[in-house]
>>> print(open('start.txt').read())   # compact mmCIF, C-alpha atoms and all ligand atoms
# COMPACT_ATOMS: atom_id res chain seq x y z
CA MET A 19 -1.61 -3.95 57.35
CA SER A 20 -1.88 -3.71 53.58
CA PHE A 21 -4.79 -2.06 51.79
CA SER A 22 -6.73 -3.64 48.92
CA LEU A 23 -6.88 -1.59 45.71
CA LYS A 24 -9.26 -4.03 43.99
CA ASN A 25 -12.21 -1.63 44.32
CA HIS A 26 -9.99 1.35 43.56
CA ASN A 27 -8.92 0.47 40.01
CA THR A 28 -11.44 0.02 37.20
CA PHE A 29 -9.34 -2.75 35.63
CA GLY A 30 -10.56 -4.64 38.72
CA LEU A 31 -7.07 -6.02 39.37
CA ASP A 32 -6.53 -7.72 42.70
CA VAL A 33 -3.60 -5.61 43.88
CA ARG A 34 -2.72 -4.01 47.20
CA ALA A 35 -0.94 -0.96 48.57
CA ALA A 36 1.32 -1.20 51.61
CA HIS A 37 -0.90 1.40 53.31
CA GLY A 38 -4.12 3.17 52.35
CA TYR A 39 -6.16 6.09 53.66
CA VAL A 40 -9.57 7.26 52.52
CA ILE A 41 -9.53 11.05 52.79
CA GLY A 42 -13.14 12.08 53.50
CA ASP A 43 -12.26 15.42 55.10
CA PHE A 44 -9.20 17.61 55.62
CA ALA A 45 -8.52 16.25 59.12
CA MET A 46 -7.87 12.85 57.55
CA PHE A 47 -4.81 14.15 55.73
CA ALA A 48 -2.90 14.30 59.03
CA PRO A 49 -2.42 10.54 59.69
CA ALA A 50 -1.78 9.87 55.99
CA LEU A 51 0.88 12.59 55.70
CA GLU A 52 2.46 11.46 58.97
CA LYS A 53 2.75 7.94 57.57
CA ILE A 54 4.34 9.25 54.36
CA ALA A 55 6.79 11.51 56.20
CA GLY A 56 7.61 8.93 58.87
CA SER A 57 8.10 5.97 56.53
CA GLY A 58 9.71 7.70 53.57
CA LEU A 59 7.50 5.56 51.34
CA PRO A 60 6.25 6.83 47.97
CA PHE A 61 2.61 7.88 47.80
CA LEU A 62 -0.10 7.96 45.23
CA VAL A 63 -3.41 9.85 45.17
CA LEU A 64 -6.33 8.00 43.64
CA GLY A 65 -9.84 9.04 42.73
CA ARG A 66 -11.78 6.16 41.17
CA GLY A 67 -8.74 4.49 39.62
CA SER A 68 -10.27 4.75 36.13
CA ASP A 69 -7.02 5.83 34.48
CA VAL A 70 -4.49 3.61 36.22
CA LEU A 71 -2.90 0.21 35.71
CA PHE A 72 -1.07 -1.49 38.58
CA THR A 73 1.54 -3.93 37.29
CA GLU A 74 2.02 -5.37 40.81
CA ASP A 75 1.32 -4.45 44.44
CA PHE A 76 2.17 -0.83 45.22
CA GLY A 77 4.74 -0.66 48.03
CA GLY A 78 3.73 2.84 49.13
CA VAL A 79 0.83 4.80 50.61
CA ALA A 80 -2.42 5.16 48.63
CA LEU A 81 -4.58 8.19 49.42
CA ILE A 82 -8.13 7.74 48.17
CA ASN A 83 -9.60 11.17 47.60
CA ALA A 84 -13.16 11.32 48.91
CA LEU A 85 -13.52 15.06 49.64
CA LYS A 86 -17.10 16.10 48.87
CA GLY A 87 -19.01 19.33 48.25
CA PHE A 88 -20.05 21.99 45.77
CA GLU A 89 -20.12 25.79 45.93
CA PHE A 90 -22.00 27.87 43.34
CA ASN A 91 -21.40 31.55 42.62
CA GLU A 92 -22.06 33.82 39.67
CA ASP A 93 -21.59 37.30 38.27
CA ARG A 94 -23.21 38.89 35.26
CA ASP A 95 -21.42 36.77 32.66
CA PHE A 96 -20.22 33.60 34.37
CA HIS A 97 -21.15 30.77 36.69
CA TYR A 98 -18.38 29.77 39.11
CA VAL A 99 -18.62 26.20 40.35
CA LYS A 100 -16.20 24.95 42.98
CA ILE A 101 -16.13 21.16 43.20
CA GLN A 102 -14.30 19.21 45.90
CA ALA A 103 -11.85 16.72 44.44
CA GLY A 104 -13.65 13.53 45.47
CA GLU A 105 -16.92 14.41 43.73
CA ASP A 106 -17.80 12.40 40.67
CA PHE A 107 -17.17 14.62 37.62
CA ASP A 108 -20.15 13.28 35.68
CA GLU A 109 -22.39 13.91 38.66
CA ALA A 110 -21.04 17.46 38.76
CA ILE A 111 -22.06 17.90 35.10
CA ARG A 112 -25.59 16.66 35.84
CA THR A 113 -25.80 18.86 38.95
CA CYS A 114 -24.83 21.86 36.81
CA LEU A 115 -27.31 21.00 34.05
CA ALA A 116 -30.09 20.57 36.63
CA ARG A 117 -29.35 24.14 37.81
CA GLY A 118 -29.42 25.47 34.24
CA ILE A 119 -25.62 25.74 33.96
CA ARG A 120 -24.82 24.58 30.44
CA GLY A 121 -21.47 23.94 28.77
CA LEU A 122 -20.01 20.77 30.29
CA GLU A 123 -22.32 18.35 28.44
CA ASN A 124 -19.72 17.14 25.90
CA LEU A 125 -17.76 15.67 28.84
CA ALA A 126 -20.72 13.44 29.75
CA LEU A 127 -20.08 10.11 31.42
CA ILE A 128 -16.28 10.30 31.67
CA PRO A 129 -15.66 8.19 34.77
CA GLY A 130 -13.67 9.59 37.66
CA THR A 131 -13.38 12.37 40.16
CA ALA A 132 -13.25 16.14 39.75
CA GLY A 133 -9.78 16.10 41.33
CA ALA A 134 -8.37 13.88 38.58
CA ALA A 135 -9.97 15.91 35.76
CA PRO A 136 -7.13 18.46 35.51
CA VAL A 137 -4.41 15.81 35.72
CA GLN A 138 -4.79 14.60 32.15
CA ASN A 139 -7.04 17.51 31.16
CA ILE A 140 -9.89 15.12 30.41
CA GLY A 141 -11.55 15.58 27.09
CA ALA A 142 -14.12 14.19 24.72
CA TYR A 143 -16.22 15.23 21.74
CA GLY A 144 -14.21 18.40 21.16
CA ALA A 145 -14.31 19.73 24.75
CA SER A 146 -11.76 19.53 27.53
CA PHE A 147 -11.53 20.35 31.22
CA ALA A 148 -9.19 23.25 30.43
CA ASP A 149 -12.00 25.02 28.52
CA PHE A 150 -13.78 25.60 31.87
CA CYS A 151 -11.05 25.63 34.50
CA ARG A 152 -10.59 28.78 36.61
CA TYR A 153 -8.13 27.31 39.10
CA VAL A 154 -7.06 24.07 40.72
CA GLU A 155 -6.82 24.05 44.51
CA VAL A 156 -3.92 21.98 45.84
CA LEU A 157 -2.42 20.94 49.11
CA ASP A 158 1.20 21.85 48.39
CA LEU A 159 3.41 19.42 50.29
CA ALA A 160 6.44 21.66 49.71
CA THR A 161 4.88 24.46 51.77
CA GLY A 162 2.22 22.59 53.73
CA ARG A 163 -0.35 25.15 52.54
CA LEU A 164 -3.54 25.11 50.47
CA ASP A 165 -2.88 27.01 47.28
CA ARG A 166 -4.65 27.90 44.07
CA ILE A 167 -3.00 27.30 40.70
CA GLY A 168 -4.67 29.45 38.05
CA ALA A 169 -5.69 27.76 34.81
CA ALA A 170 -2.99 29.62 32.86
CA ASP A 171 -0.32 28.06 35.11
CA CYS A 172 -1.64 24.48 34.89
CA GLY A 173 0.18 23.76 31.62
CA PHE A 174 -2.92 22.28 30.04
CA GLY A 175 -2.41 20.58 26.71
CA TYR A 176 -3.85 17.64 24.83
CA ARG A 177 -4.48 15.11 27.66
CA THR A 178 -1.75 16.66 29.76
CA SER A 179 -0.99 19.21 32.48
CA ILE A 180 1.74 20.08 34.97
CA PHE A 181 0.16 17.59 37.40
CA LYS A 182 1.41 14.69 35.26
CA LYS A 183 5.02 15.63 35.91
CA ARG A 184 6.71 13.32 38.38
CA GLU A 185 7.92 16.13 40.65
CA ASN A 186 4.45 17.67 40.81
CA ALA A 187 2.72 14.34 41.45
CA ALA A 188 4.95 14.10 44.54
CA ARG A 189 4.18 17.69 45.54
CA TYR A 190 0.52 18.52 44.88
CA ILE A 191 -2.59 16.83 46.16
CA ILE A 192 -5.54 18.31 44.30
CA THR A 193 -8.29 19.14 46.80
CA ALA A 194 -10.79 21.02 44.60
CA VAL A 195 -11.28 22.63 41.20
CA GLU A 196 -13.20 25.76 40.32
CA LEU A 197 -14.89 26.03 36.94
CA LYS A 198 -15.77 29.27 35.16
CA ILE A 199 -18.65 28.66 32.79
CA PRO A 200 -19.96 31.40 30.49
CA LYS A 201 -23.66 32.14 30.87
CA ALA A 202 -23.86 32.67 27.10
CA TRP A 203 -24.07 29.06 25.94
CA THR A 204 -22.91 27.83 22.55
CA PRO A 205 -23.40 24.14 21.76
CA ASN A 206 -20.19 22.40 20.71
CA LEU A 207 -21.27 20.15 17.83
CA GLY A 208 -18.03 19.89 15.79
CA TYR A 209 -17.71 16.09 16.05
CA GLU A 210 -19.32 14.11 13.25
CA SER A 211 -21.23 11.93 15.71
CA LEU A 212 -22.97 15.08 17.01
CA ALA A 213 -24.21 16.10 13.56
CA GLY A 214 -27.96 16.55 13.49
CA LEU A 215 -28.14 17.98 17.02
CA GLU A 216 -28.46 21.59 15.82
CA GLY A 217 -31.13 23.27 17.95
CA ALA A 218 -30.81 20.64 20.70
CA GLU A 219 -30.76 21.66 24.36
CA ALA A 220 -27.72 20.94 26.57
CA TRP A 221 -29.49 18.03 28.29
CA ASP A 222 -30.26 16.48 24.87
CA ILE A 223 -26.57 16.69 23.96
CA TYR A 224 -25.64 15.16 27.32
CA ARG A 225 -28.08 12.26 26.77
CA HIS A 226 -26.98 11.76 23.15
CA ILE A 227 -23.31 11.52 24.16
CA ALA A 228 -24.11 9.30 27.15
CA ALA A 229 -26.00 6.92 24.82
CA LEU A 230 -23.10 6.89 22.32
CA ARG A 231 -20.64 6.12 25.09
CA ARG A 232 -22.79 3.34 26.58
CA ASP A 233 -23.03 1.83 23.12
CA ARG A 234 -19.35 2.16 22.16
CA LEU A 235 -17.47 1.55 25.39
CA PRO A 236 -17.33 -1.46 27.68
CA ASP A 237 -18.71 -0.70 31.15
CA PRO A 238 -15.88 -1.20 33.69
CA ARG A 239 -18.42 -2.73 36.10
CA GLU A 240 -18.85 -5.57 33.59
CA LEU A 241 -15.45 -5.68 31.86
CA GLY A 242 -12.56 -4.09 33.73
CA ASN A 243 -10.87 -1.33 31.71
CA ALA A 244 -9.41 2.16 32.01
CA GLY A 245 -10.82 3.72 28.84
CA SER A 246 -8.42 4.48 26.00
CA PHE A 247 -5.20 2.69 26.85
CA PHE A 248 -3.12 4.74 24.41
CA LYS A 249 -3.06 8.43 23.47
CA ASN A 250 -3.83 9.52 19.95
CA PRO A 251 -0.35 9.94 18.45
CA VAL A 252 0.64 13.41 17.32
CA VAL A 253 3.04 13.05 14.38
CA ASP A 254 4.88 15.28 11.89
CA ALA A 255 2.83 16.14 8.82
CA ALA A 256 5.53 14.36 6.76
CA VAL A 257 4.83 11.08 8.61
CA TYR A 258 1.12 11.52 7.92
CA ASP A 259 1.82 12.17 4.21
CA MET A 260 3.84 8.95 4.03
CA LEU A 261 1.05 6.95 5.71
CA LEU A 262 -1.49 8.51 3.37
CA GLY A 263 0.45 7.11 0.40
CA THR A 264 -0.11 3.54 1.65
CA TYR A 265 -3.39 3.98 3.55
CA PRO A 266 -5.49 6.65 1.82
CA SER A 267 -8.29 6.39 4.43
CA VAL A 268 -6.07 7.01 7.48
CA PRO A 269 -8.00 9.51 9.66
CA ALA A 270 -6.16 12.60 10.87
CA TYR A 271 -7.04 15.87 12.59
CA PRO A 272 -5.25 19.14 13.28
CA ALA A 273 -3.06 18.74 16.37
CA GLY A 274 -3.06 22.41 17.32
CA GLU A 275 0.70 22.63 16.67
CA ASP A 276 2.26 23.80 13.42
CA GLY A 277 3.38 20.96 11.19
CA LYS A 278 1.79 18.30 13.41
CA VAL A 279 -1.16 15.99 12.86
CA LYS A 280 -3.23 13.94 15.31
CA LEU A 281 -3.88 10.34 14.24
CA ALA A 282 -6.66 8.17 15.71
CA ALA A 283 -5.00 5.45 17.84
CA GLY A 284 -8.19 3.34 17.71
CA TRP A 285 -8.07 3.23 13.90
CA LEU A 286 -4.38 2.22 13.86
CA ILE A 287 -4.99 -0.56 16.40
CA ASP A 288 -8.04 -1.81 14.57
CA ARG A 289 -6.19 -1.89 11.22
CA ALA A 290 -3.25 -3.65 12.86
CA GLY A 291 -5.72 -6.48 13.50
CA CYS A 292 -5.94 -6.00 17.26
CA ARG A 293 -9.65 -5.28 17.82
CA GLY A 294 -11.22 -7.96 20.01
CA MET A 295 -7.90 -9.82 20.42
CA ARG A 296 -7.58 -11.99 23.51
CA VAL A 297 -4.56 -13.32 25.37
CA GLY A 298 -5.49 -15.39 28.40
CA ASN A 299 -7.85 -13.33 30.53
CA ALA A 300 -7.03 -9.98 28.93
CA GLY A 301 -7.51 -8.47 25.50
CA THR A 302 -8.89 -5.51 23.62
CA SER A 303 -12.55 -4.61 23.43
CA ALA A 304 -14.42 -5.90 20.38
CA LYS A 305 -16.36 -2.59 20.39
CA GLN A 306 -13.40 -0.23 20.66
CA ALA A 307 -9.89 -1.47 19.88
CA LEU A 308 -8.30 1.32 21.93
CA VAL A 309 -9.67 -0.13 25.16
CA VAL A 310 -7.67 -2.92 26.81
CA VAL A 311 -9.94 -5.07 28.95
CA ASN A 312 -9.83 -7.55 31.78
CA TYR A 313 -12.03 -10.37 30.49
CA GLY A 314 -12.23 -11.71 34.06
CA GLY A 315 -9.62 -12.60 36.63
CA ALA A 316 -6.72 -11.17 34.60
CA ALA A 317 -3.36 -10.80 36.29
CA PRO A 318 -1.60 -7.43 35.83
CA ALA A 319 1.01 -9.13 33.63
CA GLU A 320 -1.72 -10.21 31.18
CA ILE A 321 -2.93 -6.62 30.74
CA VAL A 322 0.66 -5.47 30.24
CA LEU A 323 1.28 -8.21 27.67
CA VAL A 324 -1.79 -7.21 25.64
CA ALA A 325 -0.75 -3.55 25.67
CA GLN A 326 2.78 -4.49 24.57
CA LEU A 327 1.46 -6.70 21.76
CA VAL A 328 -0.85 -3.92 20.54
CA ARG A 329 1.95 -1.39 20.59
CA GLY A 330 4.29 -3.78 18.78
CA LYS A 331 1.79 -4.61 16.04
CA VAL A 332 0.93 -0.96 15.40
CA PHE A 333 4.61 -0.08 15.22
CA ALA A 334 5.34 -2.98 12.86
CA LYS A 335 2.52 -1.97 10.50
CA PHE A 336 2.59 1.83 10.59
CA GLY A 337 5.93 2.77 12.16
CA VAL A 338 4.05 4.82 14.78
CA LEU A 339 4.90 4.26 18.46
CA LEU A 340 1.86 4.48 20.72
CA GLU A 341 2.27 5.99 24.17
CA PRO A 342 0.08 4.87 27.06
CA GLU A 343 -2.55 7.33 28.21
CA VAL A 344 -3.25 5.16 31.25
CA ARG A 345 -0.93 5.85 34.19
CA ILE A 346 1.09 2.74 34.99
CA TYR A 347 2.29 2.03 38.55
CA GLY A 348 4.67 -0.61 39.85
CA ARG A 349 5.94 -1.34 43.36
CA THR A 350 7.77 1.96 43.83
CA GLY A 351 5.70 4.32 41.69
CA GLU A 352 4.97 5.28 38.13
CA CYS A 353 6.71 3.22 35.47
CA GLY A 354 6.51 2.50 31.74
CA LEU A 355 4.95 -0.34 29.79
P1 LIG B 1 -7.49 8.01 38.90
O1 LIG B 1 -7.49 6.96 37.84
O2 LIG B 1 -7.74 7.59 40.29
O3 LIG B 1 -6.12 8.82 38.81
C1 LIG B 1 -5.60 9.18 37.56
C2 LIG B 1 -4.28 9.95 37.78
O4 LIG B 1 -4.57 11.19 38.43
C3 LIG B 1 -3.31 9.20 38.68
O5 LIG B 1 -2.01 9.49 38.22
C4 LIG B 1 -3.55 9.82 40.05
O6 LIG B 1 -2.41 9.78 40.88
C5 LIG B 1 -3.89 11.27 39.68
N1 LIG B 1 -4.84 11.86 40.64
C6 LIG B 1 -6.12 11.48 40.86
N2 LIG B 1 -6.70 12.28 41.78
C7 LIG B 1 -5.76 13.16 42.16
C8 LIG B 1 -5.74 14.23 43.11
N3 LIG B 1 -6.81 14.55 43.84
N4 LIG B 1 -4.58 14.93 43.26
C9 LIG B 1 -3.48 14.63 42.53
N5 LIG B 1 -3.45 13.63 41.61
C10 LIG B 1 -4.56 12.90 41.44
N6 LIG B 1 -10.57 10.19 29.94
C11 LIG B 1 -10.76 11.25 29.11
O7 LIG B 1 -9.99 12.23 29.15
N7 LIG B 1 -11.80 11.27 28.21
C12 LIG B 1 -12.68 10.25 28.11
O8 LIG B 1 -13.61 10.30 27.31
C13 LIG B 1 -12.50 9.11 28.96
N8 LIG B 1 -13.33 8.05 28.88
C14 LIG B 1 -13.14 6.98 29.70
C15 LIG B 1 -14.03 5.90 29.59
C16 LIG B 1 -13.89 4.81 30.43
C17 LIG B 1 -14.84 3.65 30.30
C18 LIG B 1 -12.85 4.79 31.40
C19 LIG B 1 -12.73 3.64 32.35
C20 LIG B 1 -11.97 5.85 31.51
C21 LIG B 1 -12.09 6.96 30.64
N9 LIG B 1 -11.21 8.05 30.70
C22 LIG B 1 -11.41 9.14 29.88
C23 LIG B 1 -10.10 8.07 31.66
C24 LIG B 1 -10.55 8.56 33.08
O9 LIG B 1 -11.94 8.59 33.15
C25 LIG B 1 -10.02 9.97 33.39
O10 LIG B 1 -8.62 10.02 33.29
C26 LIG B 1 -10.42 10.42 34.80
O11 LIG B 1 -10.08 11.77 34.99
C27 LIG B 1 -9.77 9.57 35.90
O12 LIG B 1 -10.37 9.92 37.13
P2 LIG B 1 -10.10 9.06 38.43
O13 LIG B 1 -10.72 9.77 39.58
O14 LIG B 1 -10.55 7.67 38.22
O15 LIG B 1 -8.52 9.16 38.50
P1 LIG B 2 -14.66 9.02 17.47
O1 LIG B 2 -15.66 10.09 17.61
O2 LIG B 2 -15.00 7.79 16.67
O3 LIG B 2 -13.31 9.64 16.91
C1 LIG B 2 -12.15 8.81 16.74
C2 LIG B 2 -10.94 9.65 17.06
O4 LIG B 2 -10.87 10.70 16.13
C3 LIG B 2 -11.02 10.25 18.45
O5 LIG B 2 -9.93 9.80 19.17
C4 LIG B 2 -11.03 11.76 18.24
O6 LIG B 2 -10.00 12.45 18.95
C5 LIG B 2 -10.75 11.96 16.76
N1 LIG B 2 -11.75 12.91 16.21
C6 LIG B 2 -12.98 12.60 15.71
N2 LIG B 2 -13.58 13.73 15.25
C7 LIG B 2 -12.71 14.75 15.48
C8 LIG B 2 -12.76 16.15 15.22
N3 LIG B 2 -13.83 16.72 14.64
N4 LIG B 2 -11.71 16.90 15.61
C9 LIG B 2 -10.64 16.35 16.21
N5 LIG B 2 -10.55 15.02 16.48
C10 LIG B 2 -11.56 14.23 16.10
O7 LIG B 2 -14.14 8.55 18.91
P2 LIG B 2 -14.75 7.54 19.97
O8 LIG B 2 -13.76 6.48 20.18
O9 LIG B 2 -16.18 7.20 19.64
O10 LIG B 2 -14.72 8.48 21.26
C11 LIG B 2 -15.54 9.63 21.31
C12 LIG B 2 -14.92 10.66 22.22
O11 LIG B 2 -14.80 10.14 23.54
C13 LIG B 2 -13.52 11.08 21.78
O12 LIG B 2 -13.38 12.47 21.98
C14 LIG B 2 -12.60 10.32 22.72
O13 LIG B 2 -11.42 11.04 23.03
C15 LIG B 2 -13.47 10.19 23.97
N6 LIG B 2 -13.10 8.97 24.71
C16 LIG B 2 -11.96 9.00 25.44
C17 LIG B 2 -11.57 7.90 26.20
C18 LIG B 2 -10.35 7.98 27.08
O14 LIG B 2 -10.17 7.10 27.91
N7 LIG B 2 -9.53 8.99 26.92
C19 LIG B 2 -12.34 6.75 26.17
C20 LIG B 2 -13.47 6.75 25.37
C21 LIG B 2 -13.86 7.86 24.65
P3 LIG B 2 -10.10 12.85 20.49
O15 LIG B 2 -9.88 11.57 21.22
O16 LIG B 2 -8.98 13.82 20.63
O17 LIG B 2 -11.44 13.46 20.74
>>> encode(input="start.txt", output="structure tokens")
Amino acid sequence: MSFSLKNHNTFGLDVRAAHGYVIGDFAMFAPALEKIAGSGLPFLVLGRGSDVLFTEDFGGVALINALKGFEFNEDRDFHYVKIQAGEDFDEAIRTCLARGIRGLENLALIPGTAGAAPVQNIGAYGASFADFCRYVEVLDLATGRLDRIGAADCGFGYRTSIFKKRENAARYIITAVELKIPKAWTPNLGYESLAGLEGAEAWDIYRHIAALRRDRLPDPRELGNAGSFFKNPVVDAAVYDMLLGTYPSVPAYPAGEDGKVKLAAGWLIDRAGCRGMRVGNAGTSAKQALVVVNYGGAAPAEIVLVAQLVRGKVFAKFGVLLEPEVRIYGRTGECGL
């Protein structure tokens, strides 16, 4: 009766859910929701599983979101693009670019579905999902109705939203997102690695970022991983000043909050001597210390151990506690490291 999650988590861990349903159209919600209501088991919605770590088999119901479709509208100033939750977000970017809709290119090649994009407000190279969101369409299990949550009510922040809250994860199934993309296009070239692209077209920026990412990140099809394992820590300016005294090259960026500074987790992990470390079948990527990888056949406990070691070493050296960005699930639901 159980359902394999091996192809539904990019760590490639051989774990199972007690029950699983692939939701290809709205009619397929009925048996899944009946199972959840009838059994009282916890449930979990998955897209591609590129931001999750299972520490063991999940004892609940996994809903794999595979809703497909696009809808394009426009007015004088904006393009409106509605994307069903199971569409690949990167494919949506390429579909937009092919239609002359520019703006999403900095989010090139982030794995995963459109439905997961609002959950952690995906971001890269100075852009985030929130910059383009008009609303998120949800199946609200509290009312049984399809609803729209406007961008202003999604609580978007740095790699966060209301959808990360436990009570909302148990209430909302995201079924679609609608983007609002200005027709007046301004390239977003603030990141150092985009310097030199002045005058480039949106497709050039997309290709440049895609090439950078292919070069810098392990491909989950070859080495199981879920991208950055930890969030960049946001610390008080006083903590940053103290670090600066000992480590004058510590990188930091404005955190968007008064008196706070964003540190680069990858730099801290690297300097704590954890880049390319290996424990059994798991470790960190030699290319990017922030990425915990399955070197082949790793058990969930090996991935957890590596993440704990990394966190411990960074804390011992810098006094900064890293928080997982990856969502961690145990037998009964979300849990900590
Ligand atoms: P999943 O991993 O399946 O789910 C993630 C979370 O969202 C889970 O808690 C799940 O329950 C919830 N969820 C998923 N779909 C729904 C839904 N329809 N309704 C309600 N809840 C839902 N992230 C970035 O922000 N920036 C990056 O640059 C980036 N680079 C990455 C690079 C690599 C190589 C990898 C492997 C990952 C990277 N990530 C990055 C993380 C990941 O791509 C994003 O978090 C992505 O949005 C996850 O999509 P998914 O469909 O795989 O979601
Ligand atoms: P990078 O460009 O070498 O930068 C290192 C870190 O410094 C990043 O975490 C980035 O923060 C921060 N940074 C750099 N320039 C900045 C600026 N001008 N303003 C504010 N912050 C700045 O990073 P990288 O490792 O090669 O990754 C490139 C981009 O892809 C980053 O945006 C990163 O977030 C994204 N990425 C994300 C994941 C994931 O799973 N979340 C995985 C791979 C790559 P930000 O992270 O806030 O951008």
>>> residues_around(input="start.txt", residues="segment 288-296 of chain A", least_positions_apart="6", cutoff="8 Å", atoms="only C-alpha atoms", output="list in words")
Thr302, Ser303, Ala304, Lys305, Gln306, Ala307, Leu308, Val324, Val328, Lys331, Val332 and Lys335 of chain A
>>> residues_near_ligand(input="start.txt", ligand="ligand LIG 1 (chain B)", cutoff="6 Å", atoms="all atoms listed in the file", output="PyMOL selection string")
chain A and resi 62-70+83+103+128-131+133-135+137+140-142+191-193+235+237-238+243-245+345
>>> residues_near_ligand(input="start.txt", ligand="ligand LIG 2 (chain B)", cutoff="6 Å", atoms="all atoms listed in the file", output="list in words")
Ala142, Tyr143, Gly144, Gly208, Tyr209, Gly245, Ser246, Tyr271 and Ala282 of chain A
>>> closest_residue(input="start.txt", among="A:Gln102, A:Ser211, A:Asn124, A:Thr113", to="Glu196 of chain A", atoms="all atoms listed in the file")
A:Gln102
>>> closest_residue(input="start.txt", among="A:Leu215, A:Val253, A:Leu127, A:Leu281", to="Leu230 of chain A", atoms="all atoms listed in the file")
A:Leu127
>>> closest_residue(input="start.txt", among="A:Ala317, A:Ala160, A:Ala218, A:Val268", to="Asp32 of chain A", atoms="only C-alpha atoms")
A:Ala317
>>> atom_distance(input="start.txt", atom1="atom CA of Leu122 of chain A", atom2="atom CA of Arg234 of chain A")
20.3 Å
>>> atom_distance(input="start.txt", atom1="atom CA of Tyr313 of chain A", atom2="atom CA of Gly242 of chain A")
7.1 Å
>>> closest_residue(input="start.txt", among="A:Ser146, A:Thr204, A:Asn139, A:Asn25", to="Cys172 of chain A", atoms="only C-alpha atoms")
A:Asn139
>>> closest_residue(input="start.txt", among="A:Ile199, A:Val79, A:Phe174, A:Ala334", to="Val99 of chain A", atoms="all atoms listed in the file")
A:Ile199
